[in-house]
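Visitor: One file: start-v2.cif (mmCIF, C-alpha atoms, pLDDT in the B column; chains and numbers go by the auth columns).
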data_protein
loop_
_atom_site.group_PDB
_atom_site.id
_atom_site.type_symbol
_atom_site.label_atom_id
_atom_site.label_comp_id
_atom_site.label_asym_id
_atom_site.label_seq_id
_atom_site.Cartn_x
_atom_site.Cartn_y
_atom_site.Cartn_z
_atom_site.B_iso_or_equiv
_atom_site.auth_seq_id
_atom_site.auth_asym_id
ATOM 1 C CA MET A 1 57.468 -14.586 -29.759 49.00 1 A
ATOM 2 C CA ASP A 2 56.839 -11.541 -27.598 48.00 2 A
ATOM 3 C CA VAL A 3 59.060 -11.636 -24.524 48.00 3 A
ATOM 4 C CA THR A 4 58.026 -8.224 -23.170 48.00 4 A
ATOM 5 C CA PRO A 5 57.373 -8.574 -19.427 49.00 5 A
ATOM 6 C CA ALA A 6 53.906 -7.787 -18.164 50.00 6 A
ATOM 7 C CA SER A 7 55.312 -5.106 -15.859 49.00 7 A
ATOM 8 C CA ALA A 8 56.363 -3.048 -18.887 52.00 8 A
ATOM 9 C CA ALA A 9 52.745 -2.297 -19.805 54.00 9 A
ATOM 10 C CA PRO A 10 51.650 1.253 -18.951 51.00 10 A
ATOM 11 C CA VAL A 11 49.743 1.534 -15.696 46.00 11 A
ATOM 12 C CA PRO A 12 46.923 4.114 -15.598 51.00 12 A
ATOM 13 C CA LEU A 13 47.477 6.497 -12.700 42.00 13 A
ATOM 14 C CA PRO A 14 44.639 8.169 -10.812 44.00 14 A
ATOM 15 C CA GLU A 15 44.107 11.872 -11.332 46.00 15 A
ATOM 16 C CA PRO A 16 45.964 13.768 -8.569 44.00 16 A
ATOM 17 C CA ARG A 17 43.799 15.648 -6.100 49.00 17 A
ATOM 18 C CA ARG A 18 44.812 19.251 -6.488 54.00 18 A
ATOM 19 C CA LEU A 19 42.679 20.425 -3.547 55.00 19 A
ATOM 20 C CA GLY A 20 42.786 19.406 0.076 55.00 20 A
ATOM 21 C CA ALA A 21 39.799 17.936 1.884 54.00 21 A
ATOM 22 C CA LEU A 22 39.101 21.231 3.675 53.00 22 A
ATOM 23 C CA ALA A 23 38.846 23.156 0.399 58.00 23 A
ATOM 24 C CA ARG A 24 36.634 20.492 -1.199 58.00 24 A
ATOM 25 C CA LEU A 25 34.321 19.636 1.698 60.00 25 A
ATOM 26 C CA ALA A 26 34.218 22.811 3.820 59.00 26 A
ATOM 27 C CA PRO A 27 30.828 24.520 4.288 63.00 27 A
ATOM 28 C CA GLU A 28 30.213 27.828 2.573 66.00 28 A
ATOM 29 C CA PRO A 29 31.052 30.062 5.589 69.00 29 A
ATOM 30 C CA MET A 30 34.397 28.309 5.923 70.00 30 A
ATOM 31 C CA LYS A 31 35.103 28.831 2.223 74.00 31 A
ATOM 32 C CA VAL A 32 34.472 32.553 2.716 77.00 32 A
ATOM 33 C CA VAL A 33 37.080 32.562 5.487 78.00 33 A
ATOM 34 C CA LEU A 34 39.528 30.605 3.328 77.00 34 A
ATOM 35 C CA ASN A 35 39.103 33.044 0.443 78.00 35 A
ATOM 36 C CA TRP A 36 39.497 35.987 2.826 80.00 36 A
ATOM 37 C CA GLY A 37 42.771 34.605 4.161 77.00 37 A
ATOM 38 C CA ARG A 38 44.016 33.752 0.687 80.00 38 A
ATOM 39 C CA ARG A 39 43.332 37.177 -0.821 78.00 39 A
ATOM 40 C CA TYR A 40 45.235 39.015 1.922 83.00 40 A
ATOM 41 C CA SER A 41 48.305 36.776 2.082 82.00 41 A
ATOM 42 C CA LEU A 42 49.600 36.648 -1.481 88.00 42 A
ATOM 43 C CA TRP A 43 53.282 35.825 -1.671 89.00 43 A
ATOM 44 C CA VAL A 44 54.542 37.225 -4.968 88.00 44 A
ATOM 45 C CA PHE A 45 57.068 35.650 -7.289 87.00 45 A
ATOM 46 C CA ASN A 46 58.219 38.468 -9.568 85.00 46 A
ATOM 47 C CA PHE A 47 59.218 37.244 -13.017 84.00 47 A
ATOM 48 C CA GLY A 48 60.868 40.461 -14.188 83.00 48 A
ATOM 49 C CA LEU A 49 61.945 40.328 -17.816 85.00 49 A
ATOM 50 C CA ALA A 50 62.274 43.979 -18.883 84.00 50 A
ATOM 51 C CA CYS A 51 61.553 47.569 -17.876 86.00 51 A
ATOM 52 C CA CYS A 52 58.142 46.764 -16.331 83.00 52 A
ATOM 53 C CA ALA A 53 60.008 44.986 -13.534 83.00 53 A
ATOM 54 C CA ILE A 54 61.283 48.398 -12.361 85.00 54 A
ATOM 55 C CA GLU A 55 57.673 49.567 -11.977 85.00 55 A
ATOM 56 C CA PHE A 56 56.943 46.431 -9.953 83.00 56 A
ATOM 57 C CA ILE A 57 59.840 47.290 -7.634 84.00 57 A
ATOM 58 C CA ALA A 58 58.526 50.857 -7.315 85.00 58 A
ATOM 59 C CA ALA A 59 55.091 49.517 -6.328 84.00 59 A
ATOM 60 C CA SER A 60 56.684 47.486 -3.533 82.00 60 A
ATOM 61 C CA MET A 61 58.657 50.396 -2.100 84.00 61 A
ATOM 62 C CA ALA A 62 57.582 52.862 0.612 80.00 62 A
ATOM 63 C CA ARG A 63 55.742 55.358 -1.620 85.00 63 A
ATOM 64 C CA HIS A 64 53.146 52.858 -2.901 82.00 64 A
ATOM 65 C CA ASP A 65 53.763 49.992 -0.452 81.00 65 A
ATOM 66 C CA PHE A 66 51.529 47.203 -1.729 82.00 66 A
ATOM 67 C CA ILE A 67 52.303 45.221 1.426 82.00 67 A
ATOM 68 C CA ARG A 68 49.460 47.209 3.021 84.00 68 A
ATOM 69 C CA LEU A 69 47.149 45.369 0.609 84.00 69 A
ATOM 70 C CA GLY A 70 48.266 41.992 1.923 81.00 70 A
ATOM 71 C CA VAL A 71 50.779 41.321 -0.840 84.00 71 A
ATOM 72 C CA ILE A 72 54.203 40.100 0.257 82.00 72 A
ATOM 73 C CA PRO A 73 56.865 40.712 -2.415 79.00 73 A
ATOM 74 C CA PHE A 74 59.932 38.686 -3.258 80.00 74 A
ATOM 75 C CA ALA A 75 59.017 35.162 -2.213 81.00 75 A
ATOM 76 C CA PRO A 76 62.057 32.912 -1.727 82.00 76 A
ATOM 77 C CA GLY A 77 61.057 30.886 -4.790 83.00 77 A
ATOM 78 C CA PRO A 78 58.127 29.569 -6.813 86.00 78 A
ATOM 79 C CA ARG A 79 57.349 26.822 -4.281 87.00 79 A
ATOM 80 C CA GLN A 80 56.626 29.465 -1.642 86.00 80 A
ATOM 81 C CA ALA A 81 54.606 31.770 -3.924 88.00 81 A
ATOM 82 C CA ASP A 82 50.879 32.190 -4.577 88.00 82 A
ATOM 83 C CA LEU A 83 51.067 34.911 -7.245 90.00 83 A
ATOM 84 C CA MET A 84 53.339 35.246 -10.251 91.00 84 A
ATOM 85 C CA VAL A 85 53.714 38.715 -11.756 91.00 85 A
ATOM 86 C CA VAL A 86 55.141 38.453 -15.272 92.00 86 A
ATOM 87 C CA SER A 87 56.539 41.885 -16.134 90.00 87 A
ATOM 88 C CA GLY A 88 58.339 42.448 -19.408 88.00 88 A
ATOM 89 C CA THR A 89 58.892 40.887 -22.793 89.00 89 A
ATOM 90 C CA VAL A 90 58.421 37.114 -22.897 90.00 90 A
ATOM 91 C CA THR A 91 60.670 35.660 -25.572 90.00 91 A
ATOM 92 C CA ASP A 92 60.303 32.223 -27.095 89.00 92 A
ATOM 93 C CA LYS A 93 63.547 31.214 -25.394 90.00 93 A
ATOM 94 C CA MET A 94 62.308 32.341 -21.962 90.00 94 A
ATOM 95 C CA ALA A 95 58.752 30.946 -22.300 89.00 95 A
ATOM 96 C CA PRO A 96 59.682 27.366 -21.235 89.00 96 A
ATOM 97 C CA ALA A 97 61.270 28.756 -18.048 90.00 97 A
ATOM 98 C CA VAL A 98 58.112 30.752 -17.275 90.00 98 A
ATOM 99 C CA LYS A 99 55.994 27.624 -17.702 90.00 99 A
ATOM 100 C CA ARG A 100 58.350 25.460 -15.634 90.00 100 A
ATOM 101 C CA LEU A 101 58.405 27.884 -12.699 90.00 101 A
ATOM 102 C CA TYR A 102 54.627 28.334 -12.870 90.00 102 A
ATOM 103 C CA GLU A 103 54.175 24.569 -12.604 88.00 103 A
ATOM 104 C CA GLN A 104 56.353 24.555 -9.460 89.00 104 A
ATOM 105 C CA MET A 105 53.979 26.925 -7.641 88.00 105 A
ATOM 106 C CA PRO A 106 51.494 25.253 -5.251 86.00 106 A
ATOM 107 C CA GLU A 107 47.750 25.393 -5.830 83.00 107 A
ATOM 108 C CA PRO A 108 45.834 27.645 -5.783 84.00 108 A
ATOM 109 C CA LYS A 109 48.034 30.013 -7.787 88.00 109 A
ATOM 110 C CA TYR A 110 47.409 33.180 -9.730 90.00 110 A
ATOM 111 C CA VAL A 111 49.103 35.167 -12.501 92.00 111 A
ATOM 112 C CA ILE A 112 49.125 38.900 -13.249 92.00 112 A
ATOM 113 C CA SER A 113 50.359 39.906 -16.690 92.00 113 A
ATOM 114 C CA PHE A 114 51.987 43.299 -16.130 91.00 114 A
ATOM 115 C CA GLY A 115 52.561 45.489 -19.170 89.00 115 A
ATOM 116 C CA ALA A 116 51.877 45.446 -22.886 90.00 116 A
ATOM 117 C CA CYS A 117 54.819 43.164 -23.681 88.00 117 A
ATOM 118 C CA SER A 118 53.600 40.493 -21.294 89.00 118 A
ATOM 119 C CA ASN A 119 49.996 40.951 -22.453 90.00 119 A
ATOM 120 C CA CYS A 120 50.478 40.649 -26.201 88.00 120 A
ATOM 121 C CA GLY A 121 54.118 41.224 -27.149 86.00 121 A
ATOM 122 C CA GLY A 122 53.874 45.023 -27.014 84.00 122 A
ATOM 123 C CA PRO A 123 55.964 46.945 -29.545 87.00 123 A
ATOM 124 C CA TYR A 124 57.847 43.724 -30.312 86.00 124 A
ATOM 125 C CA TRP A 125 54.781 41.642 -31.171 83.00 125 A
ATOM 126 C CA ASP A 126 55.964 41.052 -34.755 86.00 126 A
ATOM 127 C CA SER A 127 59.447 39.934 -33.756 88.00 127 A
ATOM 128 C CA TYR A 128 60.415 36.395 -34.692 90.00 128 A
ATOM 129 C CA SER A 129 61.644 35.692 -31.148 89.00 129 A
ATOM 130 C CA VAL A 130 58.853 37.205 -29.021 90.00 130 A
ATOM 131 C CA THR A 131 55.924 35.239 -27.592 89.00 131 A
ATOM 132 C CA LYS A 132 52.614 36.947 -28.379 88.00 132 A
ATOM 133 C CA GLY A 133 51.585 37.204 -24.751 87.00 133 A
ATOM 134 C CA VAL A 134 52.365 35.115 -21.696 90.00 134 A
ATOM 135 C CA ASP A 135 48.846 33.634 -21.871 89.00 135 A
ATOM 136 C CA GLN A 136 50.143 31.539 -24.767 89.00 136 A
ATOM 137 C CA VAL A 137 52.148 29.624 -22.146 89.00 137 A
ATOM 138 C CA ILE A 138 50.323 29.863 -18.787 90.00 138 A
ATOM 139 C CA PRO A 139 46.810 30.958 -17.726 90.00 139 A
ATOM 140 C CA VAL A 140 46.464 34.617 -16.724 91.00 140 A
ATOM 141 C CA ASP A 141 43.992 35.949 -14.144 90.00 141 A
ATOM 142 C CA VAL A 142 44.472 39.730 -14.495 91.00 142 A
ATOM 143 C CA TYR A 143 45.938 41.846 -17.305 93.00 143 A
ATOM 144 C CA VAL A 144 47.487 45.241 -16.494 91.00 144 A
ATOM 145 C CA PRO A 145 47.926 47.375 -19.644 90.00 145 A
ATOM 146 C CA GLY A 146 50.588 50.020 -20.184 88.00 146 A
ATOM 147 C CA CYS A 147 54.069 50.498 -21.603 88.00 147 A
ATOM 148 C CA PRO A 148 55.222 50.524 -18.909 86.00 148 A
ATOM 149 C CA PRO A 149 52.275 50.698 -16.490 88.00 149 A
ATOM 150 C CA ARG A 150 52.580 52.967 -13.499 90.00 150 A
ATOM 151 C CA PRO A 151 52.791 51.406 -10.020 87.00 151 A
ATOM 152 C CA GLU A 152 49.214 52.551 -9.383 90.00 152 A
ATOM 153 C CA ALA A 153 48.095 50.325 -12.259 90.00 153 A
ATOM 154 C CA LEU A 154 49.656 47.307 -10.552 89.00 154 A
ATOM 155 C CA LEU A 155 47.864 48.222 -7.327 90.00 155 A
ATOM 156 C CA GLN A 156 44.567 48.273 -9.207 90.00 156 A
ATOM 157 C CA GLY A 157 45.390 44.907 -10.796 90.00 157 A
ATOM 158 C CA ILE A 158 46.050 43.454 -7.351 89.00 158 A
ATOM 159 C CA LEU A 159 42.710 44.776 -6.093 90.00 159 A
ATOM 160 C CA LYS A 160 40.949 43.208 -9.090 90.00 160 A
ATOM 161 C CA LEU A 161 42.641 39.888 -8.367 90.00 161 A
ATOM 162 C CA GLN A 162 41.612 40.068 -4.712 88.00 162 A
ATOM 163 C CA GLU A 163 38.007 40.692 -5.748 88.00 163 A
ATOM 164 C CA LYS A 164 38.197 37.624 -7.987 87.00 164 A
ATOM 165 C CA ILE A 165 39.639 35.489 -5.181 86.00 165 A
ATOM 166 C CA ALA A 166 36.941 36.644 -2.745 83.00 166 A
ATOM 167 C CA ARG A 167 34.116 35.260 -4.906 81.00 167 A
ATOM 168 C CA GLU A 168 35.790 32.236 -6.447 75.00 168 A
ATOM 169 C CA SER A 169 34.958 28.607 -5.883 73.00 169 A
ATOM 170 C CA LEU A 170 37.955 26.309 -5.986 64.00 170 A
ATOM 171 C CA GLY A 171 35.726 23.422 -7.015 65.00 171 A
ATOM 172 C CA GLU A 172 34.700 25.336 -10.136 65.00 172 A
ATOM 173 C CA ARG A 173 38.234 26.638 -10.716 65.00 173 A
ATOM 174 C CA TYR A 174 39.716 23.150 -10.874 62.00 174 A
ATOM 175 C CA GLY A 175 36.742 21.301 -12.282 57.00 175 A
ATOM 176 C CA THR A 176 36.018 19.174 -9.219 51.00 176 A
ATOM 177 C CA ALA A 177 32.339 20.185 -9.119 50.00 177 A
ATOM 178 C CA GLY A 178 29.685 19.952 -11.779 50.00 178 A
ATOM 179 C CA ARG A 179 31.561 17.602 -14.061 50.00 179 A
ATOM 180 C CA PRO A 180 29.478 16.290 -16.965 49.00 180 A
ATOM 181 C CA SER A 181 28.487 12.647 -16.889 53.00 181 A
ATOM 182 C CA ALA A 182 30.003 10.061 -19.192 53.00 182 A
ATOM 183 C CA ALA A 183 26.705 9.830 -21.099 57.00 183 A
ATOM 184 C CA ALA A 184 26.740 13.588 -21.689 52.00 184 A
ATOM 185 C CA LEU A 185 30.268 13.394 -23.045 49.00 185 A
ATOM 186 C CA ARG A 186 29.284 10.602 -25.445 53.00 186 A
ATOM 187 C CA SER A 187 26.134 12.294 -26.671 51.00 187 A
ATOM 188 C CA GLY A 188 26.193 13.506 -30.250 54.00 188 A
ATOM 189 C CA LEU A 189 26.575 17.207 -30.834 53.00 189 A
ATOM 190 C CA VAL A 190 24.830 17.038 -34.220 55.00 190 A
ATOM 191 C CA THR A 191 21.689 14.973 -34.825 61.00 191 A
ATOM 192 C CA PRO A 192 22.475 12.412 -37.545 60.00 192 A
ATOM 193 C CA PRO A 193 20.205 12.420 -40.607 68.00 193 A
ATOM 194 C CA PRO A 194 17.461 9.783 -40.648 75.00 194 A
ATOM 195 C CA ALA A 195 18.239 6.563 -42.487 74.00 195 A
ATOM 196 C CA PRO A 196 16.410 6.126 -45.824 74.00 196 A
ATOM 197 C CA ALA A 197 13.339 3.914 -45.574 72.00 197 A
ATOM 198 C CA ALA A 198 13.504 0.496 -47.322 64.00 198 A
ATOM 199 C CA ASP A 199 10.663 -0.789 -49.521 60.00 199 A
ATOM 200 C CA ALA A 200 9.264 -4.336 -49.589 58.00 200 A
ATOM 201 C CA THR A 201 12.093 -5.642 -51.817 61.00 201 A
ATOM 202 C CA GLY A 202 14.737 -4.354 -49.437 57.00 202 A
ATOM 203 C CA ALA A 203 15.821 -1.539 -51.732 57.00 203 A
ATOM 204 C CA THR A 204 16.548 1.792 -50.093 54.00 204 A
ATOM 205 C CA GLY A 205 15.294 3.878 -53.002 54.00 205 A
ATOM 206 C CA GLU A 206 18.718 5.236 -53.799 55.00 206 A
ATOM 207 C CA GLY A 207 19.716 5.409 -57.422 55.00 207 A
ATOM 208 C CA PRO A 208 22.747 3.710 -58.960 55.00 208 A
ATOM 209 C CA ARG A 209 26.092 5.149 -57.958 55.00 209 A
#
As structure tokens, what does this structure read like?
Guide:
Amino acid sequence: MDVTPASAAPVPLPEPRRLGALARLAPEPMKVVLNWGRRYSLWVFNFGLACCAIEFIAASMARHDFIRLGVIPFAPGPRQADLMVVSGTVTDKMAPAVKRLYEQMPEPKYVISFGACSNCGGPYWDSYSVTKGVDQVIPVDVYVPGCPPRPEALLQGILKLQEKIARESLGERYGTAGRPSAAALRSGLVTPPPAPAADATGATGEGPR
């Protein structure tokens, strides 16, 4: 006799709304203003793992000063950040920490992969302990090549990200607009072959097996 209480059965939870009502229902001019404000107020969470982190620090200092682009470095933590810059070699041991901190960032959030090691493993790509790019763990918006890249390369990557933010639609980014219908998801991708016609005796015309 099954004595499992009914409350122990799994309860389906609704999908969390990742966007606020203003982002989902605002008219197009308001979305332009929201994107404009978002692109020029990026709080950066620097995930420095190797020598590329020094180039990130150089880009934030007085000579290059990426604050003039609307990028605020050194956020107090991932929960106050909009942009994660992964700079350096991502090892298999560090990859879960990168993913965990990325998940703690509020939406909408962006990632810049800074340097060859973060992009694809760099000179250590064939090491047993190196992840072959941070995009194996989290989604990446902009890749900055180099070993290590110069600070000017990071500035260009930030400008590319700001261009992407200016023309993005959050509904498309998070799949809240234009979702396929249930019938479209159930439709067959390959047309099945026609069934063999039966004769008057009910035989299908197939030979003995």
Visitor: Report the closest atom pair, with its distance in Å rounded to one decimal, for each residue of region 80-152 of chain A that has an atom no farther than 7 Å from region 47-69 of chain A; count all atoms listed in the file, sort by chain and then rising residue number, and write it as CSV.
Guide:
residue,atom,partner,partner_atom,distance
A:Met84,CA,A:Phe47,CA,6.8
A:Val85,CA,A:Phe47,CA,5.8
A:Val86,CA,A:Phe47,CA,4.8
A:Ser87,CA,A:Gly48,CA,5.0
A:Gly88,CA,A:Ala50,CA,4.3
A:Thr89,CA,A:Leu49,CA,5.9
A:Val90,CA,A:Leu49,CA,7.0
A:Gly115,CA,A:Cys52,CA,6.4
A:Pro148,CA,A:Cys52,CA,5.4
A:Arg150,CA,A:Glu55,CA,6.3
A:Pro151,CA,A:Ala59,CA,4.7
Visitor: Which distance in Å separates CA of Val98 (chain A) and CA of Asp82 (chain A), to one decimal?
Guide: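 Between these atoms lies a distance of 14.7 Å.
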Visitor: Using CA of Asp135 (chain A) and CA of Ser113 (chain A) as the two end points, give the distance in Å to one decimal.
Guide: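 Spanning CA of Asp135 (chain A) to CA of Ser113 (chain A) is a straight-line distance of 8.3 Å.
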Visitor: On this structure, which residues satisfy the PyMOL selection byres ((chain A and resi 71) around 7), written as a PyMOL selection string?
Guide: chain A and resi 40-44+66-67+69-70+72-73
Visitor: Which residue out of A:Phe45, A:Cys147, A:Lys99, A:Met94 has the minimum interatomic distance to Gln80 (chain A) when all atoms listed in the file are used?
Guide: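 Closest candidate: A:Phe45.
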Visitor: Applying 9 Å and all atoms listed in the file, which residues near Tyr143 (chain A) remain after dropping the ones on its own chain fewer than 5 positions away? List them as a ChimeraX atom specification.
Guide: /A:111-116,118-119,157
Visitor: Please, what distance in Å, to one decimal, runs between CA of Pro149 (chain A) and CA of Tyr128 (chain A)?
Guide: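 Answer for the CA of Pro149 (chain A) to CA of Tyr128 (chain A) separation: 24.5 Å.
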Visitor: Set the distance at 10 Å and use all atoms listed in the file: which residues neighbour Leu159 (chain A) once local chain neighbours fewer than 5 positions away are removed? I'd like the list as a VMD selection string.
Guide: chain A and resid 39 69 142 153 to 154 164 to 165
Visitor: Take the residues from that selection and write them out as a PDB file, keeping the file's coordinate frame, keeping C-alpha atoms.
Guide:
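This is the output file again.pdb:
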ATOM      1  CA  ARG A  39      43.332  37.177  -0.821  1.00 78.00           C
ATOM      2  CA  LEU A  69      47.149  45.369   0.609  1.00 84.00           C
ATOM      3  CA  VAL A 142      44.472  39.730 -14.495  1.00 91.00           C
ATOM      4  CA  ALA A 153      48.095  50.325 -12.259  1.00 90.00           C
ATOM      5  CA  LEU A 154      49.656  47.307 -10.552  1.00 89.00           C
ATOM      6  CA  LYS A 164      38.197  37.624  -7.987  1.00 87.00           C
ATOM      7  CA  ILE A 165      39.639  35.489  -5.181  1.00 86.00           C
TER       8      ILE A 165
END
Visitor: Using all atoms listed in the file for the distances, tell me which of A:Met105, A:Leu83, A:Ala195, A:Leu34 is nearest to Val140 (chain A).
Guide: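 Residue with the minimum atom-to-atom distance to Val140 (chain A): A:Leu83.
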